[in-house]
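See structure below.
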Amino acid sequence: MVGAEFGFYIDPQRCIGCRACVASCGECGTHRGRPMIHLDEMDRFASTQTGPTVCMHCEDPICAQVCPADAIKRSEDGVVHAAQKPRCIACSNCELSCPFGVPIIFRGLEQMLKCDLCYDRTSVGHRPMCATVCPSQALLFVRHEELAGMRGNRPLREFEIGALRITTRNAVMVPDPEIPLNLDASLLCPEGGR
Amino acid sequence: MAHTPQTLSALRKQFGPHLNLAPPGGWTADPEPDRVVNTHCCFCGQQCGIKLKVKDNKVIGFDPWEDFPFNQGKLCPKGVKRYLQGNHPDRLVSAMKRTEAGFVPMDLEEAMARTTTEIQRVQAAHGKDSFAVLSGVSLTNEKSYLVGKFARLGLQTKNLDYNGRLCMVSAGAGNKKAFGLDRAANSWADIEGAEVIWVAGSNVAECSPITTDYIWRARDKGAKLIVVDPRITPLARTADLVLPLKPGTDSALTNGILHLLHKWNLIDWDFVNAHTNGFETALEVVKDCTPEWTSATTGIPVSAIEKAARMWGEAKTSFLLHARGIEHHSKGVENVLGCINMVLATGRIGRPNCGYATITGQGNGQGGREHGHKCDQLPGNRDISNPEHRAYICSVWGCTDEELPGVGQSAQEIMNAIHAGEIKGLLCLCFNPLVSLPDTTFTREALEKLEFFVVLDFFLSETAQHADIVLPSALHEEDEGTSTSAEGRVIKINKAVDAPGDARPDWQILVNLAHRLGRGKFFDHFTSPEIIFNELRVASKGGTADYAGISYEKIERQQGVFWPCPTEDHPGTPRLFEQGHFAHPDGKAKFIPTPWRPPMEVVDADYPIWLTTGRVIFHYLSGTQTRRIGFLVEQCPHPYVEIHPRLAERYGITEGDALEVTTRRGNLVLPAKVVTTIRPDTVFIPYHWPGKLSVNQLTARHLDPVSKIPEFKVSACRLRKVSKDQFPEELLELRRMADQASSNQPHLPEQVM
């Protein structure tokens with residue numbers, strides 16, 4: 001059970017692309033060697049911006065809706081779980097339908113695995129592994145009421161992706177509009193560095 | 001003649017680097033540990049707390065140590081995967097000797113006996129100082145202290161130096177000149193409350209990742225961030241002001257800022273008058289450093305320089321951080337002093353939320369530079385040429401002044417002396433100069449001239465491949481001791497597992513060797529790291545780096561102790577220089593003027609492009625450890641050349657093309673990484689790799705006259721597009737290894753059709 005008072009906040013602006021989240025996710029006792037976090041360079045040509053993608057834990061998860069084997073369950077605490085092994089047929093419906101691109105069908109296991117907010121850690125009072133190690137705390141796991149005192153930017157839990165309107169348990173922090181996504185060093189030099 | 005006995009490719013096949021991909025027993029083994037050991041990361045100067053999980057005398061994984069105050073569980077990927085350096089197929093578990101057929105295992109006793117006779121032979125033929133020691137500051141304080149004593153009293157040579165010479169010596173020298181003491185002025189806690197944070201020449205996100213969160217916590221409260229770097233690094237991307245200056249122009253910028261602070265009267269005159277000397281002279285030197293001059297010299301706009309001076313000058317509180325980016329220069333000390341002058345002029349030091357620090361790079365970069373590990377130093381950061389300092393250490397060590405050698409040569413100078421045939425024998429530990437010193441071709445030639453070369457290491461590093469004898473040493477997790485973090489916090493490294501086979505902690509090897517050399521009276525009592533530490537405490541007593549009141553028990557109880565800590569009832573000193581009291585005899589800080597001068601090598605018609613070097617987050621120093629860990633190599637298997645698209649276009653280069661980079665020292669061919677995040681007159685190459693992939697084939701042996709640090713950060717180069725079939729075989733091999741590692745891991749998802 002993950003306490004309802006805790007929120008998981010993702011702030012890509014702070015991400016340094018170090019992949020400590022990916023590295024540590026794969027160290028977990030329940031899915032050894034299989035990290036479930038995606039870490040992408042947005043456009044390395046133009047920026048050092050990187051972005052972590054962890055499961056957003058949708059209120060009405062599309063992965064579960066499209067699962068023909070009814071293998072994906074959402075528990076009362078809002079956590080959407082990995083596909084149940086006896087049921088999962090590794091059909092990839094979840095992988096293809098998730099608007100955030102989270103679920104992964106693992107070779108050999110023939111099973112979809114995804115983030116369960118580190119049940120083994122959060123159930124005994126620890127933070128999820130990725131949010132514990134994240135050096136810049138781009139991945140933050142705190143009590144909801146602590147957030148406002150910690151961060152200036154606003155959490156976002158509602159997304160429109162194509163025709164979908166999605167509400168999630170986890171939140172993305174709205175970036176500061178004054179921080180540009182792309183930077184060209186030549187534009188910071190006199191006469192464009194010529 | 002210490003040529004490598006086999007081809008490099010044959011050596012790689014036998015000794016690696018191979019990749020360790022999974023914990024002992026594989027990913028399916030039971031992950032439940034027998035016990036968990038609280039200790040610290042073996043890599044950078046932040047020394048993050050980490051818990052190692054141990055089962056059957058093997059480290060099988062990690063857990064975050066959330067209660068440790070500095071990092072509170074945070075770790076970078078190197079820390080997460082560090083445990084994979086243990087139980088590694090490349091691990092040296094017996095002594096090795098070089099034969100015509102290659103390296104073969106030998107009996108440890110025989111190896112120690114032969115090392116002893118060879119040292120005695122070389123010293124008898126060429127004098128005591130003909131045998132040198134090169135060491136490193138990934139060693140604990142105990143080992144660093146012992147190496148200093150071993151060289152001076154065991155080998156009786158003056159020629160001892162260390163790889164801190166490639167790290168933070170410019171900062172150390174600058175700090176001693178300005179403050180009279182060499183340590184970060186504050187614990188990192190003071191970053192969080194600063195109004196302005198100035199980061200000069202530090203890729204914080206990649207080289208000291210946990211510090212990123214301290215800076216963001218300040219920014220959450222409204223702090224402004226200024227980053228000075230020729231590249232827009234991950235932290236710089238979000239900064240309020242980025243100053244992408246030309247390599248080698250840092251002191252021009254700080255002079256220009258001081259000029260404006262004075263012009264706009266943003267000076268804390270009360271502080272300057274009460275607590276400093278030399279301000280007038282410093283001002284005299286910057287009187288012509290107008291924004292226009294500064295802009296023309298540094299290649300950043302007048303408006304940005306003025307904005308920076310305004311932001312810095314008007315703040316009530318601030319923290320200035322710098323690192324190798326300003327220190328790896330032939331004027332590294334001056335660059336450091338330029339930063340310190342900005343801090344002193346505004347009086348923002350020695351108070352809450354007002355701070356200054358170099359971010360020390362190596363694991364024990366701080367402690368390892370304090371206790372006699374350097375060619376001119378004795379424990380407690382004492383001066384080996386100061387008669388009073390010598391007398392005190394002689395009294396602690398029980399030796400006479402005649403028995404204590406004087407000032408020796410610095411690391412690069414030792415290599416130069418080996419090349420010149422003046423030094424004939426070398427003992428090297430915790431140092432991989434063939435990767436980390438500049439001008440690799442020269443270093444290789446030097447190593448090939450040694451009459452006798454012994455290396456202590458846990459893997460057969462590229463340098464160890466030139467040794468006559470290799471003594472197998474212990475990993476960080478196989479021994480205990482203390483280290484001192486970038487903050488000046490002395491912390492405790494705890495032993496998790498025993499060393500395998502004949503591998504021994506370095507201190508045991510050195511104590512044994514000293515005994516065999518007939519110098520046991522100075523060393524035989526060292527039967528544990530704690531006994532060495534307790535002698536270090538006495539030896540440091542009364543010095544600026546005073547550890548006298550620090551004990552193992554106190555470190556554990558307080559979760560670290562900040563030196564100076566002169567007595568057992570003293571809590572330690574997180575913040576230095578309070579009430580404006582500095583460590584010079586008159587209690588004042590010194591402004592040291594930094595008249596502008598260019599770097600030793602500047603661009604010209606033949607070599608028109610600036611080359612600068614640095615690190616990536618996935619590797620540590622010369623890569624001896626991290627190039628053996630699968631996950632880290634998968635993320636960054638080989639070096640590359642960062643180049644701006646405008647410059648790339650001029651040479652017809654697109655992403656991934658083979659780019660030949662040539663300097664007056666040599667050339668290499670690497671793939672181009674075309675990015676807008678670097679100045680268009682500068683290219684960047686990370687340095688962690690050996691041989692044909694080593695950017696140090698290109699860097700110069702130009703040294704700072706005071707700190708003797710090489711100028712890694714500035715070379716002039718030329719570029720040429722070449723065919724991709726000119727990529728070195730090593731590069732293709734690393735790509736294959738990384739690809740293979742990925743496909744062998746269980747983590748890869750099935751291909752989505």
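Chain identifiers are assigned as A, B, and so on, following the order in which chains appear in the structure tokens; residues are numbered from 1 within each chain, and ligands are numbered from 1 in order of appearance.
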
Please identify all polymer residues within 12 Å of B:His581, counting only C-alpha atoms, omitting same-chain residues fewer than 5 positions from it, and present them as a PDB file with N, CA and C atoms, in the first residue's frame.
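Saved to out28.pdb:
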ATOM      1  N   PHE B 179      43.877  32.512   1.706  1.00  0.00           N
ATOM      2  CA  PHE B 179      43.268  32.310   3.031  1.00  0.00           C
ATOM      3  C   PHE B 179      44.250  31.790   4.081  1.00  0.00           C
ATOM      4  N   GLY B 180      45.371  31.236   3.606  1.00  0.00           N
ATOM      5  CA  GLY B 180      46.317  30.622   4.535  1.00  0.00           C
ATOM      6  C   GLY B 180      45.950  29.196   4.890  1.00  0.00           C
ATOM      7  N   LEU B 181      44.974  28.664   4.195  1.00  0.00           N
ATOM      8  CA  LEU B 181      44.462  27.334   4.523  1.00  0.00           C
ATOM      9  C   LEU B 181      43.769  26.777   3.293  1.00  0.00           C
ATOM     10  N   ALA B 185      35.542  26.520   1.985  1.00  0.00           N
ATOM     11  CA  ALA B 185      35.302  27.421   3.111  1.00  0.00           C
ATOM     12  C   ALA B 185      34.029  27.078   3.867  1.00  0.00           C
ATOM     13  N   PHE B 271      34.329  45.075   5.178  1.00  0.00           N
ATOM     14  CA  PHE B 271      34.987  43.765   5.218  1.00  0.00           C
ATOM     15  C   PHE B 271      36.397  43.874   4.656  1.00  0.00           C
ATOM     16  N   ALA B 274      38.707  45.691   7.092  1.00  0.00           N
ATOM     17  CA  ALA B 274      38.956  45.038   8.381  1.00  0.00           C
ATOM     18  C   ALA B 274      39.652  43.683   8.231  1.00  0.00           C
ATOM     19  N   HIS B 275      39.382  42.973   7.130  1.00  0.00           N
ATOM     20  CA  HIS B 275      39.775  41.563   7.105  1.00  0.00           C
ATOM     21  C   HIS B 275      40.668  41.153   5.943  1.00  0.00           C
ATOM     22  N   THR B 276      41.107  42.107   5.129  1.00  0.00           N
ATOM     23  CA  THR B 276      41.938  41.709   3.982  1.00  0.00           C
ATOM     24  C   THR B 276      43.129  42.641   3.822  1.00  0.00           C
ATOM     25  N   GLY B 347      32.913  40.553   0.376  1.00  0.00           N
ATOM     26  CA  GLY B 347      32.859  40.191   1.801  1.00  0.00           C
ATOM     27  C   GLY B 347      31.940  39.023   2.106  1.00  0.00           C
ATOM     28  N   ILE B 349      31.906  35.678   2.709  1.00  0.00           N
ATOM     29  CA  ILE B 349      32.555  34.424   3.101  1.00  0.00           C
ATOM     30  C   ILE B 349      32.564  34.386   4.626  1.00  0.00           C
ATOM     31  N   GLY B 350      32.523  33.180   5.187  1.00  0.00           N
ATOM     32  CA  GLY B 350      32.601  33.054   6.637  1.00  0.00           C
ATOM     33  C   GLY B 350      31.323  33.430   7.353  1.00  0.00           C
ATOM     34  N   ARG B 351      30.226  33.473   6.607  1.00  0.00           N
ATOM     35  CA  ARG B 351      28.924  33.763   7.219  1.00  0.00           C
ATOM     36  C   ARG B 351      27.915  32.752   6.698  1.00  0.00           C
ATOM     37  N   ARG B 575      31.971  25.511   8.889  1.00  0.00           N
ATOM     38  CA  ARG B 575      32.172  26.789   8.192  1.00  0.00           C
ATOM     39  C   ARG B 575      33.469  27.430   8.669  1.00  0.00           C
ATOM     40  N   LEU B 576      34.352  27.749   7.733  1.00  0.00           N
ATOM     41  CA  LEU B 576      35.627  28.382   8.085  1.00  0.00           C
ATOM     42  C   LEU B 576      35.491  29.901   8.044  1.00  0.00           C
ATOM     43  N   ASP B 586      48.392  37.164  10.442  1.00  0.00           N
ATOM     44  CA  ASP B 586      47.709  38.398  10.873  1.00  0.00           C
ATOM     45  C   ASP B 586      46.188  38.251  10.884  1.00  0.00           C
ATOM     46  N   GLY B 587      45.695  37.063  10.593  1.00  0.00           N
ATOM     47  CA  GLY B 587      44.255  36.822  10.644  1.00  0.00           C
ATOM     48  C   GLY B 587      43.488  37.370   9.446  1.00  0.00           C
ATOM     49  N   LYS B 588      44.225  37.942   8.483  1.00  0.00           N
ATOM     50  CA  LYS B 588      43.542  38.548   7.335  1.00  0.00           C
ATOM     51  C   LYS B 588      43.698  37.691   6.066  1.00  0.00           C
ATOM     52  N   ALA B 589      42.742  37.887   5.149  1.00  0.00           N
ATOM     53  CA  ALA B 589      42.867  37.262   3.836  1.00  0.00           C
ATOM     54  C   ALA B 589      43.673  38.178   2.935  1.00  0.00           C
ATOM     55  N   LYS B 590      44.237  37.577   1.859  1.00  0.00           N
ATOM     56  CA  LYS B 590      45.051  38.378   0.941  1.00  0.00           C
ATOM     57  C   LYS B 590      44.407  38.426  -0.433  1.00  0.00           C
TER      58      LYS B 590
END

Counting only C-alpha atoms, which residues of chain A come no farther than 7 Å from chain B, as number ranges by chain? A: 16, 18-20, 23-24, 29, 32-35, 44-49, 104-107, 132-137, 150-152, 179, 183-186, 188-190, 193

Could you write out, as a VMD selection string, all the residues of chain A that DSSP marks as strand (DSSP E or B)? chain A and resid 6 to 10 38 to 41 50 to 53 58 74 80 104 to 106 111 to 113 139 to 143 155 to 161 164 to 173

Next, dump the selected residues to file, keeping only N, CA and C atoms, as a CSV table (one decimal), in the first residue's frame.
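Okay, result-v1.csv is ready:
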chain,number,residue,atom,x,y,z
A,6,PHE,N,1.2,10.6,-0.2
A,6,PHE,CA,2.5,10.8,-0.9
A,6,PHE,C,2.2,11.0,-2.4
A,7,GLY,N,3.0,11.9,-3.0
A,7,GLY,CA,2.9,12.1,-4.4
A,7,GLY,C,4.2,11.9,-5.1
A,8,PHE,N,4.2,11.5,-6.4
A,8,PHE,CA,5.4,11.3,-7.2
A,8,PHE,C,5.4,12.4,-8.2
A,9,TYR,N,6.4,13.3,-8.2
A,9,TYR,CA,6.5,14.4,-9.0
A,9,TYR,C,7.7,14.4,-10.0
A,10,ILE,N,7.4,14.6,-11.2
A,10,ILE,CA,8.5,14.4,-12.3
A,10,ILE,C,8.8,15.8,-12.8
A,38,HIS,N,12.3,4.9,-18.7
A,38,HIS,CA,12.9,5.3,-20.0
A,38,HIS,C,13.5,6.6,-19.8
A,39,LEU,N,14.7,6.8,-20.3
A,39,LEU,CA,15.4,8.1,-20.2
A,39,LEU,C,15.8,8.5,-21.6
A,40,ASP,N,15.3,9.6,-22.0
A,40,ASP,CA,15.6,10.0,-23.4
A,40,ASP,C,16.3,11.4,-23.5
A,41,GLU,N,17.2,11.4,-24.5
A,41,GLU,CA,17.7,12.7,-24.9
A,41,GLU,C,16.6,13.3,-25.8
A,50,THR,N,17.2,16.3,-21.2
A,50,THR,CA,16.8,14.9,-21.2
A,50,THR,C,15.5,14.7,-20.4
A,51,GLY,N,14.9,13.6,-20.6
A,51,GLY,CA,13.6,13.4,-19.9
A,51,GLY,C,13.4,12.0,-19.4
A,52,PRO,N,13.1,11.9,-18.1
A,52,PRO,CA,12.7,10.5,-17.6
A,52,PRO,C,11.2,10.2,-17.8
A,53,THR,N,10.9,9.0,-18.2
A,53,THR,CA,9.5,8.6,-18.3
A,53,THR,C,9.3,7.4,-17.3
A,58,CYS,N,-2.3,6.1,-14.3
A,58,CYS,CA,-3.5,6.8,-14.7
A,58,CYS,C,-4.7,6.3,-13.8
A,74,ARG,N,-5.4,-2.0,-11.2
A,74,ARG,CA,-5.1,-0.8,-10.5
A,74,ARG,C,-5.6,-1.0,-9.0
A,80,VAL,N,-1.0,1.4,-10.6
A,80,VAL,CA,-1.3,0.5,-11.7
A,80,VAL,C,-0.1,-0.5,-11.7
A,104,ILE,N,6.6,-2.3,-20.8
A,104,ILE,CA,7.6,-3.1,-21.6
A,104,ILE,C,7.3,-4.6,-21.5
A,105,ILE,N,7.2,-5.2,-22.7
A,105,ILE,CA,7.1,-6.7,-22.7
A,105,ILE,C,8.6,-7.2,-22.7
A,106,PHE,N,8.9,-8.0,-21.7
A,106,PHE,CA,10.3,-8.5,-21.5
A,106,PHE,C,10.5,-9.8,-22.2
A,111,GLN,N,6.1,-11.4,-20.5
A,111,GLN,CA,5.2,-10.7,-19.6
A,111,GLN,C,5.5,-9.2,-19.6
A,112,MET,N,4.4,-8.4,-19.5
A,112,MET,CA,4.6,-6.9,-19.4
A,112,MET,C,5.0,-6.6,-17.9
A,113,LEU,N,6.1,-5.8,-17.8
A,113,LEU,CA,6.4,-5.3,-16.5
A,113,LEU,C,6.4,-3.8,-16.5
A,139,LEU,N,13.1,13.5,-10.0
A,139,LEU,CA,12.1,12.5,-9.6
A,139,LEU,C,11.9,12.7,-8.1
A,140,LEU,N,10.8,13.2,-7.6
A,140,LEU,CA,10.6,13.6,-6.2
A,140,LEU,C,9.4,12.8,-5.7
A,141,PHE,N,9.6,12.2,-4.5
A,141,PHE,CA,8.5,11.5,-3.8
A,141,PHE,C,8.3,12.1,-2.5
A,142,VAL,N,7.3,12.9,-2.3
A,142,VAL,CA,7.1,13.6,-1.0
A,142,VAL,C,5.6,13.6,-0.6
A,143,ARG,N,5.3,14.0,0.6
A,143,ARG,CA,3.9,14.3,1.0
A,143,ARG,C,3.4,15.4,0.1
A,155,PRO,N,2.3,21.4,-10.2
A,155,PRO,CA,2.2,20.0,-10.7
A,155,PRO,C,1.0,19.9,-11.6
A,156,LEU,N,1.1,19.0,-12.6
A,156,LEU,CA,0.1,18.8,-13.6
A,156,LEU,C,-0.3,17.3,-13.6
A,157,ARG,N,-1.6,17.1,-13.5
A,157,ARG,CA,-2.0,15.7,-13.4
A,157,ARG,C,-3.0,15.4,-14.5
A,158,GLU,N,-3.4,16.4,-15.3
A,158,GLU,CA,-4.4,16.2,-16.4
A,158,GLU,C,-3.7,16.5,-17.7
A,159,PHE,N,-3.9,15.5,-18.6
A,159,PHE,CA,-3.2,15.6,-19.9
A,159,PHE,C,-4.2,15.4,-21.1
A,160,GLU,N,-4.0,16.1,-22.1
A,160,GLU,CA,-4.7,15.8,-23.4
A,160,GLU,C,-3.7,15.3,-24.4
A,161,ILE,N,-3.9,14.1,-24.8
A,161,ILE,CA,-3.0,13.5,-25.7
A,161,ILE,C,-3.9,13.0,-26.9
A,164,LEU,N,-7.5,11.9,-26.2
A,164,LEU,CA,-7.6,11.4,-24.9
A,164,LEU,C,-7.5,12.5,-23.8
A,165,ARG,N,-8.3,12.4,-22.8
A,165,ARG,CA,-8.1,13.2,-21.6
A,165,ARG,C,-7.7,12.3,-20.5
A,166,ILE,N,-6.6,12.5,-19.9
A,166,ILE,CA,-6.0,11.5,-18.9
A,166,ILE,C,-5.8,12.2,-17.6
A,167,THR,N,-6.2,11.6,-16.5
A,167,THR,CA,-5.9,12.0,-15.2
A,167,THR,C,-5.0,11.0,-14.5
A,168,THR,N,-3.9,11.5,-13.9
A,168,THR,CA,-2.9,10.5,-13.4
A,168,THR,C,-2.6,10.7,-11.9
A,169,ARG,N,-2.1,9.6,-11.3
A,169,ARG,CA,-1.7,9.8,-9.9
A,169,ARG,C,-0.4,10.5,-9.8
A,170,ASN,N,0.6,10.2,-10.6
A,170,ASN,CA,1.8,10.9,-10.6
A,170,ASN,C,1.6,12.3,-11.3
A,171,ALA,N,2.5,13.2,-11.1
A,171,ALA,CA,2.4,14.5,-11.7
A,171,ALA,C,3.6,14.9,-12.4
A,172,VAL,N,3.5,15.7,-13.4
A,172,VAL,CA,4.6,16.4,-14.1
A,172,VAL,C,4.7,17.8,-13.7
A,173,MET,N,5.8,18.3,-13.3
A,173,MET,CA,6.0,19.7,-12.9
A,173,MET,C,6.0,20.6,-14.1
